[in-house]
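The next block is entry39.txt, given as compact mmCIF, C-alpha atoms and all ligand atoms.
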```
# COMPACT_ATOMS: atom_id res chain seq x y z
CA MET L 1 11.67 -16.52 -2.58
CA ALA L 2 9.07 -14.32 -0.94
CA ASP L 3 6.26 -13.45 -3.31
CA TYR L 4 6.14 -9.93 -2.03
CA SER L 5 9.22 -7.75 -1.93
CA LEU L 6 8.89 -5.67 1.23
CA THR L 7 9.97 -7.25 4.51
CA LEU L 8 8.11 -6.40 7.69
CA ASP L 9 10.59 -5.14 10.28
CA ASP L 10 10.12 -2.29 12.80
CA SER L 11 11.09 0.40 10.31
CA GLU L 12 8.52 -0.95 7.85
CA ILE L 13 5.79 -0.86 10.48
CA ALA L 14 6.80 2.75 11.20
CA ARG L 15 6.57 3.43 7.48
CA TYR L 16 3.03 1.99 7.28
CA ARG L 17 1.95 4.10 10.28
CA LEU L 18 3.37 7.19 8.61
CA MET L 19 1.52 6.26 5.42
CA ALA L 20 -1.75 6.01 7.43
CA ASP L 21 -1.22 9.51 8.87
CA ILE L 22 -0.49 10.97 5.47
CA ALA L 23 -3.37 9.09 3.84
CA GLU L 24 -5.90 10.32 6.39
CA ARG L 25 -4.76 13.94 6.14
CA ARG L 26 -4.80 13.80 2.35
CA GLU L 27 -7.85 11.62 1.67
CA ARG L 28 -10.33 12.11 4.49
CA ALA L 29 -12.81 13.93 2.22
CA LEU L 30 -12.53 11.17 -0.40
CA TRP L 31 -13.07 8.48 2.26
CA THR L 32 -16.27 10.25 3.30
CA ALA L 33 -17.40 10.64 -0.32
CA ALA L 34 -16.84 6.90 -0.88
CA GLY L 35 -18.92 5.97 2.16
CA VAL L 36 -16.46 5.62 5.05
CA ALA L 37 -18.80 6.78 7.81
CA PRO L 38 -20.06 5.54 11.20
CA GLY L 39 -21.83 2.20 10.77
CA ALA L 40 -20.24 1.32 7.40
CA ARG L 41 -18.92 -2.14 6.45
CA ILE L 42 -15.44 -1.77 4.94
CA ALA L 43 -13.23 -4.37 3.25
CA ASP L 44 -9.50 -3.55 3.32
CA VAL L 45 -7.94 -5.96 0.82
CA GLY L 46 -4.15 -6.36 0.91
CA CYS L 47 -4.29 -4.69 4.33
CA GLY L 48 -0.65 -5.39 5.23
CA PRO L 49 0.05 -4.69 8.91
CA GLY L 50 -3.33 -2.96 9.19
CA ALA L 51 -2.36 0.64 9.88
CA LEU L 52 -5.15 1.84 7.58
CA SER L 53 -7.62 -0.87 8.66
CA VAL L 54 -7.36 0.35 12.25
CA ARG L 55 -7.78 3.98 11.22
CA LEU L 56 -10.87 3.12 9.14
CA ALA L 57 -12.33 0.97 11.94
CA ASP L 58 -12.00 3.89 14.31
CA ILE L 59 -14.27 5.92 12.00
CA VAL L 60 -16.96 3.26 11.39
CA ALA L 61 -17.11 1.90 15.00
CA PRO L 62 -19.05 0.89 16.98
CA ASP L 63 -21.82 -0.13 14.57
CA GLY L 64 -19.60 -0.71 11.53
CA ALA L 65 -16.45 -2.80 11.12
CA VAL L 66 -13.48 -3.50 8.85
CA TRP L 67 -12.74 -6.86 7.24
CA ALA L 68 -8.98 -6.94 6.62
CA VAL L 69 -7.61 -9.52 4.17
CA ASP L 70 -4.05 -10.30 3.14
CA ARG L 71 -2.18 -13.33 1.81
CA ASP L 72 0.70 -12.67 4.21
CA GLY L 73 0.07 -14.28 7.60
CA ASP L 74 2.82 -12.26 9.32
CA ALA L 75 1.31 -8.98 8.16
CA LEU L 76 -2.15 -10.14 9.30
CA ALA L 77 -0.79 -11.05 12.74
CA VAL L 78 0.51 -7.48 13.08
CA ALA L 79 -2.87 -6.14 11.90
CA SER L 80 -4.71 -8.23 14.52
CA ALA L 81 -2.38 -7.07 17.28
CA LEU L 82 -2.70 -3.42 16.24
CA ALA L 83 -6.50 -3.67 16.15
CA GLU L 84 -6.65 -5.34 19.55
CA ARG L 85 -4.36 -2.74 21.08
CA SER L 86 -6.49 0.02 19.55
CA GLY L 87 -9.79 -1.56 20.67
CA VAL L 88 -11.44 -1.22 17.24
CA PRO L 89 -13.51 -3.77 15.25
CA VAL L 90 -11.19 -5.34 12.64
CA HIS L 91 -11.82 -8.93 11.45
CA THR L 92 -8.72 -10.42 9.82
CA ALA L 93 -8.67 -13.26 7.28
CA THR L 94 -6.13 -14.83 4.98
CA GLY L 95 -7.05 -14.54 1.34
CA SER L 96 -5.89 -13.44 -2.05
CA ALA L 97 -6.96 -10.14 -3.58
CA ASP L 98 -8.78 -11.85 -6.48
CA ALA L 99 -10.53 -14.42 -4.23
CA THR L 100 -10.90 -12.95 -0.75
CA GLY L 101 -13.62 -15.29 0.48
CA LEU L 102 -15.60 -12.24 1.70
CA ALA L 103 -19.36 -12.07 1.16
CA GLU L 104 -20.27 -10.66 -2.25
CA GLY L 105 -22.43 -7.52 -2.50
CA SER L 106 -22.12 -6.76 1.20
CA PHE L 107 -19.62 -3.90 1.58
CA ASP L 108 -20.19 -0.15 1.55
CA VAL L 109 -16.54 0.43 0.64
CA VAL L 110 -13.95 -2.02 -0.70
CA MET L 111 -10.48 -0.53 -0.36
CA LEU L 112 -7.30 -1.71 -2.08
CA ARG L 113 -4.17 0.31 -1.31
CA HIS L 114 -0.73 -0.21 -2.79
CA VAL L 115 -1.40 -3.75 -3.98
CA LEU L 116 -1.90 -3.51 -7.76
CA ALA L 117 1.70 -2.44 -8.46
CA HIS L 118 2.77 -5.83 -7.07
CA ASN L 119 0.33 -7.90 -9.14
CA GLY L 120 1.42 -7.52 -12.76
CA GLY L 121 -1.04 -9.10 -15.22
CA ARG L 122 -3.67 -9.75 -12.51
CA GLU L 123 -4.79 -6.15 -11.96
CA GLN L 124 -8.13 -6.43 -13.78
CA VAL L 125 -9.05 -9.80 -12.25
CA ILE L 126 -8.48 -8.28 -8.82
CA VAL L 127 -10.56 -5.15 -9.48
CA ASP L 128 -13.35 -7.30 -11.00
CA HIS L 129 -13.48 -9.31 -7.76
CA LEU L 130 -13.56 -6.15 -5.63
CA ALA L 131 -16.48 -4.85 -7.71
CA GLU L 132 -18.42 -8.00 -6.82
CA LEU L 133 -17.84 -7.40 -3.10
CA ALA L 134 -19.34 -3.88 -3.24
CA ARG L 135 -22.99 -3.47 -2.30
CA PRO L 136 -25.26 -3.04 -5.34
CA GLY L 137 -26.90 0.38 -5.40
CA GLY L 138 -24.01 2.53 -4.26
CA GLY L 139 -21.20 0.43 -2.76
CA ALA L 140 -17.78 1.78 -3.76
CA VAL L 141 -14.42 0.35 -4.78
CA TYR L 142 -11.61 2.64 -3.61
CA LEU L 143 -8.19 2.16 -5.21
CA VAL L 144 -4.89 3.77 -4.26
CA ASP L 145 -1.62 3.26 -6.11
CA VAL L 146 1.53 4.95 -7.27
CA ASP L 147 3.52 6.06 -10.25
CA VAL L 148 7.01 5.07 -9.14
CA THR L 149 8.61 6.78 -12.15
CA GLY L 150 8.05 10.09 -10.33
CA PHE L 151 9.48 9.07 -6.92
CA ARG L 152 12.39 11.09 -5.48
CA LEU L 153 14.46 10.73 -2.30
CA ARG L 154 16.15 14.07 -1.76
CA GLY L 155 19.47 13.87 0.06
CA ALA L 156 20.00 10.18 -0.73
CA PRO L 157 23.53 8.94 -1.45
CA ALA L 158 24.60 8.41 -5.07
CA THR L 159 24.05 4.65 -4.66
CA TYR L 160 20.30 5.30 -4.46
CA GLU L 161 20.04 5.56 -8.26
CA GLU L 162 21.72 2.18 -8.63
CA MET L 163 19.42 0.62 -5.98
CA ASP L 164 16.39 2.14 -7.66
CA GLU L 165 17.35 0.72 -11.05
CA ARG L 166 17.73 -2.81 -9.61
CA TYR L 167 14.35 -2.42 -7.86
CA ARG L 168 12.68 -1.47 -11.12
CA GLU L 169 14.33 -4.41 -12.85
CA LEU L 170 12.89 -6.74 -10.17
CA HIS L 171 9.41 -5.46 -10.94
CA ARG L 172 9.98 -5.57 -14.71
CA ARG L 173 10.89 -9.25 -14.38
CA ARG L 174 7.68 -9.87 -12.44
CA GLY L 175 5.62 -8.09 -15.09
CA ASN L 176 4.52 -5.39 -12.64
CA ASP L 177 3.29 -1.98 -13.80
CA LEU L 178 4.95 0.54 -11.48
CA SER L 179 2.87 3.33 -13.07
CA ILE L 180 -0.46 1.57 -12.39
CA GLY L 181 -1.75 4.65 -10.52
CA ILE L 182 -2.39 6.53 -13.74
CA ARG L 183 -4.82 3.91 -15.07
CA LEU L 184 -6.89 3.12 -11.98
CA ASP L 185 -9.97 4.69 -13.61
CA GLU L 186 -9.69 2.34 -16.60
CA LEU L 187 -9.62 -0.70 -14.31
CA LEU L 188 -12.78 0.49 -12.51
CA THR L 189 -14.63 1.22 -15.75
CA ALA L 190 -13.71 -2.20 -17.17
CA ALA L 191 -15.10 -3.76 -13.98
CA GLY L 192 -18.49 -2.17 -14.76
CA LEU L 193 -18.28 0.58 -12.15
CA GLU L 194 -19.08 4.26 -12.51
CA VAL L 195 -15.93 6.30 -11.86
CA THR L 196 -16.68 9.18 -9.49
CA ALA L 197 -13.10 10.28 -8.73
CA HIS L 198 -9.57 9.86 -10.07
CA GLU L 199 -7.12 12.21 -8.41
CA GLY L 200 -3.38 12.40 -7.96
CA HIS L 201 -1.13 14.07 -5.44
CA ILE L 202 2.49 14.06 -4.33
CA ASP L 203 3.14 12.91 -0.79
CA VAL L 204 6.08 14.72 0.78
CA MET L 205 7.46 13.05 3.88
CA THR L 206 10.48 12.90 6.13
CA PRO L 207 11.30 9.20 6.31
CA PRO L 208 11.53 7.72 9.81
CA PRO L 209 14.98 6.38 10.81
CA GLY L 210 15.90 3.26 8.84
CA MET L 211 13.56 3.99 5.95
CA ARG L 212 15.68 4.23 2.83
CA GLY L 213 13.10 3.91 0.08
CA PRO L 214 11.45 0.88 -1.54
CA ALA L 215 14.65 -0.64 -2.96
CA TRP L 216 16.23 -0.92 0.49
CA ALA L 217 13.05 -2.47 1.91
CA ALA L 218 13.13 -5.00 -0.95
CA ARG L 219 16.80 -5.92 -0.49
CA ASP L 220 16.09 -9.55 0.48
CA ALA L 221 13.99 -10.05 -2.66
CA LEU L 222 16.68 -8.38 -4.78
CA LEU L 223 19.24 -10.75 -3.28
CA ALA L 224 17.03 -13.81 -3.86
CA GLU L 225 16.52 -12.76 -7.47
CA GLY L 226 20.30 -12.42 -7.98
CA LEU L 227 19.96 -8.72 -8.77
CA VAL L 228 22.31 -7.69 -5.95
CA THR L 229 25.12 -9.26 -3.91
CA PRO L 230 25.65 -9.08 -0.13
CA ASP L 231 28.55 -6.72 -0.94
CA ASP L 232 26.16 -4.36 -2.76
CA ILE L 233 23.89 -4.29 0.27
CA ALA L 234 26.82 -3.62 2.63
CA ARG L 235 28.01 -0.81 0.33
CA TRP L 236 24.52 0.77 0.23
CA ASP L 237 24.27 0.48 4.02
CA THR L 238 27.59 2.28 4.49
CA ALA L 239 26.62 5.04 2.05
CA PHE L 240 23.25 5.60 3.76
CA THR L 241 24.75 5.51 7.26
CA GLN L 242 27.29 8.17 6.31
CA ILE L 243 24.62 10.37 4.75
CA GLU L 244 22.25 9.91 7.71
CA GLN L 245 24.97 10.92 10.20
CA ALA L 246 26.11 13.89 8.13
CA ARG L 247 22.57 15.14 7.65
CA THR L 248 21.71 14.73 11.34
CA GLU L 249 24.73 16.86 12.23
CA ALA L 250 23.75 19.44 9.64
CA ARG L 251 20.12 19.30 10.91
CA THR L 252 18.87 18.50 7.45
CA GLY L 253 17.33 15.17 6.52
CA LEU L 254 16.19 12.85 3.82
CA ARG L 255 12.95 13.91 2.17
CA PHE L 256 10.77 11.55 0.15
CA PHE L 257 8.39 12.62 -2.68
CA GLY L 258 5.89 10.05 -3.96
CA ASN L 259 3.23 10.36 -6.67
CA THR L 260 0.05 8.71 -5.44
CA TYR L 261 -3.33 8.30 -7.16
CA VAL L 262 -6.81 7.59 -5.78
CA ALA L 263 -9.80 6.40 -7.81
CA ILE L 264 -13.35 5.60 -6.71
CA GLY L 265 -15.82 3.47 -8.67
CA ARG L 266 -19.45 3.05 -7.69
CA ARG L 267 -21.59 -0.05 -8.20
CA VAL L 268 -24.94 1.02 -9.61
C1 LIG L 301 2.54 -2.25 0.18
S1 LIG L 301 1.56 -3.29 1.22
C2 LIG L 301 0.22 -2.20 1.52
C3 LIG L 301 -0.49 -2.48 2.80
C4 LIG L 301 -1.70 -1.57 3.08
N1 LIG L 301 -2.73 -1.72 2.07
C5 LIG L 301 -1.28 -0.12 3.21
O1 LIG L 301 -1.51 0.64 2.27
O2 LIG L 301 -0.70 0.23 4.25
C6 LIG L 301 0.87 -4.52 0.14
C7 LIG L 301 0.17 -5.67 0.85
O3 LIG L 301 -0.62 -6.35 -0.11
C8 LIG L 301 -0.49 -7.74 0.06
N2 LIG L 301 -0.72 -8.35 -1.22
C9 LIG L 301 -0.07 -8.13 -2.40
N3 LIG L 301 -0.61 -8.85 -3.38
C10 LIG L 301 -1.64 -9.56 -2.83
C11 LIG L 301 -2.59 -10.50 -3.36
N4 LIG L 301 -2.59 -10.83 -4.65
N5 LIG L 301 -3.49 -11.03 -2.51
C12 LIG L 301 -3.52 -10.69 -1.20
N6 LIG L 301 -2.65 -9.81 -0.65
C13 LIG L 301 -1.73 -9.26 -1.46
C14 LIG L 301 0.92 -7.94 0.58
O4 LIG L 301 1.03 -9.15 1.30
C15 LIG L 301 1.11 -6.71 1.43
O5 LIG L 301 0.75 -6.95 2.76
```
Produce structure tokens that represent the structure in this file.
Amino acid sequence: MADYSLTLDDSEIARYRLMADIAERRERALWTAAGVAPGARIADVGCGPGALSVRLADIVAPDGAVWAVDRDGDALAVASALAERSGVPVHTATGSADATGLAEGSFDVVMLRHVLAHNGGREQVIVDHLAELARPGGGAVYLVDVDVTGFRLRGAPATYEEMDERYRELHRRRGNDLSIGIRLDELLTAAGLEVTAHEGHIDVMTPPPGMRGPAWAARDALLAEGLVTPDDIARWDTAFTQIEQARTEARTGLRFFGNTYVAIGRRV
């Protein structure tokens, strides 16, 4: 069974790109406050397919660079290809979030986005490691994560509730805290950092075609865990397809609402 519950198909890559657009619009001032500026050295841990790594590299280039780490080789391959196509300095490496292999004390900003909610019980060990990577005398750890209990998908078929419940059960079984976003500041403080920001906002987005929320993206993991059957998945697919067609004809659409939190901790 895959360790991580989101598969990486075209619609997922589109979702990550959309997340990068939303993140930049929402967080640009926080990125600057943390130290994302021309010439900076940035670590993007749990970078996934690198949509954010590329965006950050564009800001710090040409004198700075981004070191993008993930345990998933497929995601890293996408990140490398995206960086090459974009012509920006991104160095990719396989590693785990609590032992990246990156040089300690050498980064202006160490970013970790949407990783902690998938690492139940290891959250503090991970943040402790990130704190060691930050440059003493001002380097920052920048965390982003969610509170899934507040997520909504307006216009979704009735089956969405059922899918969502199975998705939460998957994470419960793995010991994951799907509300980790509301305690990011505590993790930073416990890692010995000075918290300079902890903010929350609700992202509102029109999902690109094929994006049907986190439970749909995690359907293979739900199947492997025995939480759904192939018939369930076929039933969900039919329900979504009908809704998507009906809403296209009516010129309305699905709308996603997601509670997201950002926290910054500084190494003194
Ligand atoms: C939801 S994606 C987020 C990707 C990216 N940070 C973003 O916000 O677009 C989570 C990524 O974290 C990686 N990941 C999760 N736990 C990890 C761990 N313990 N060590 C390394 N990578 C991890 C997964 O492989 C996946 O690519």
Check your understanding: If we count all atoms listed in the file, what is near region 259-265 of chain L at a cut-off of 10 Å, once residues fewer than 2 positions away on the same chain are taken out, given as number ranges by chain?
Key -> L: 23, 27, 30-31, 33-34, 109-111, 113-114, 131, 134, 138-152, 179-189, 191-204, 257, 267-268
Exercise for review: Name the closest residue to His129 (chain L) among the candidates L:Thr94, L:Ser53, L:Thr100, L:Thr229; distances are taken between atoms, counting only C-alpha atoms.
Suggested key: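 That would be L:Thr100, the residue with the smallest distance to His129 (chain L).
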Check your understanding: Which residue out of L:Met19, L:Ala221, L:Leu56, L:Ala81 has the minimum interatomic distance to ligand LIG 301 (chain L) when all atoms listed in the file are used?
Key -> L:Met19
Would you mind listing, for every residue of chain L within 6 Å of ligand LIG 301 (chain L), the two atoms forming the shortest contact and the distance between them in Å to one decimal, using all atoms listed in the file, sorted by chain and ascending residue number, as JSON lines?
```
{"residue": "L:Tyr16", "atom": "CA", "partner": "L:LIG301", "partner_atom": "O2", "distance": 5.1}
{"residue": "L:Gly46", "atom": "CA", "partner": "L:LIG301", "partner_atom": "O3", "distance": 3.7}
{"residue": "L:Cys47", "atom": "CA", "partner": "L:LIG301", "partner_atom": "N1", "distance": 4.0}
{"residue": "L:Gly48", "atom": "CA", "partner": "L:LIG301", "partner_atom": "O5", "distance": 3.2}
{"residue": "L:Ala51", "atom": "CA", "partner": "L:LIG301", "partner_atom": "O2", "distance": 5.9}
{"residue": "L:Leu52", "atom": "CA", "partner": "L:LIG301", "partner_atom": "O2", "distance": 5.8}
{"residue": "L:Asp70", "atom": "CA", "partner": "L:LIG301", "partner_atom": "N6", "distance": 4.1}
{"residue": "L:Arg71", "atom": "CA", "partner": "L:LIG301", "partner_atom": "C12", "distance": 4.2}
{"residue": "L:Asp72", "atom": "CA", "partner": "L:LIG301", "partner_atom": "O4", "distance": 4.6}
{"residue": "L:Ala75", "atom": "CA", "partner": "L:LIG301", "partner_atom": "O5", "distance": 5.8}
{"residue": "L:Gly95", "atom": "CA", "partner": "L:LIG301", "partner_atom": "C12", "distance": 5.8}
{"residue": "L:Ser96", "atom": "CA", "partner": "L:LIG301", "partner_atom": "N5", "distance": 3.4}
{"residue": "L:Ala97", "atom": "CA", "partner": "L:LIG301", "partner_atom": "N5", "distance": 3.7}
{"residue": "L:Arg113", "atom": "CA", "partner": "L:LIG301", "partner_atom": "N1", "distance": 4.2}
{"residue": "L:His114", "atom": "CA", "partner": "L:LIG301", "partner_atom": "C2", "distance": 4.8}
{"residue": "L:Val115", "atom": "CA", "partner": "L:LIG301", "partner_atom": "O3", "distance": 4.7}
{"residue": "L:His118", "atom": "CA", "partner": "L:LIG301", "partner_atom": "N3", "distance": 5.8}
{"residue": "L:Asn119", "atom": "CA", "partner": "L:LIG301", "partner_atom": "N3", "distance": 5.9}
```
Review point. Which of these, L:Met163, L:Val45, L:Leu153, L:Leu76, has the shortest distance to Asp237 (chain L) once you count all atoms listed in the file?
Key: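 Checking each of L:Met163, L:Val45, L:Leu153, L:Leu76 against Asp237 (chain L), counting all atoms listed in the file, the winner is L:Met163.
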Practice item. Could you check which of L:Ala156, L:Val78, L:Ala93, L:Ala190 is closest to Val127 (chain L), using only C-alpha atoms? Key: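 Among the listed residues, the smallest separation from Val127 (chain L) belongs to L:Ala190.
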Practice item. Would you please work out which residue, of L:Arg55, L:Arg154, L:Arg25, L:Arg266, is nearest to Ala79 (chain L) when using all atoms listed in the file? Key: L:Arg55
**Study point:** Among listed residues L:Ala20, L:Leu178, L:Ala37, L:Ala14, nearest Pro209 (chain L) (using all atoms listed in the file)
**Key:** L:Ala14
Exercise for review: Scan for residues within 12 Å of the point (19.5, -10.3, -3.8) in the coordinates of the file, using only C-alpha atoms, and reply as a list in words.
Suggested key: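 I get Met1, Ala2, Ser5, Met163, Arg166, Tyr167, Glu169, Leu170, Ala215, Trp216, Ala217, Ala218, Arg219, Asp220, Ala221, Leu222, Leu223, Ala224, Glu225, Gly226, Leu227, Val228, Thr229, Pro230, Asp231, Asp232, Ile233 and Ala234 of chain L for the residues within 12 Å of that point.
Reported to one decimal place, the separation of CA of Arg15 (chain L) from CA of Asp108 (chain L) is 27.6 Å.
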Study note, to complete from the structure: Computed gap from CA of Ala83 (chain L) to CA of Ile59 (chain L) is 13.0 Å
Point to revise | Å distance separating CA of Arg122 (chain L) from CA of Ala43 (chain L), one decimal place | key: 19.2 Å
Practice item. Please return, as a ChimeraX atom specification, all polymer residues that have at least one atom within 8 Å of the point (-8.8, 0.4, 15.1); use all atoms listed in the file and the file's own coordinate frame. Key: /L:53-58,82-84,86-90
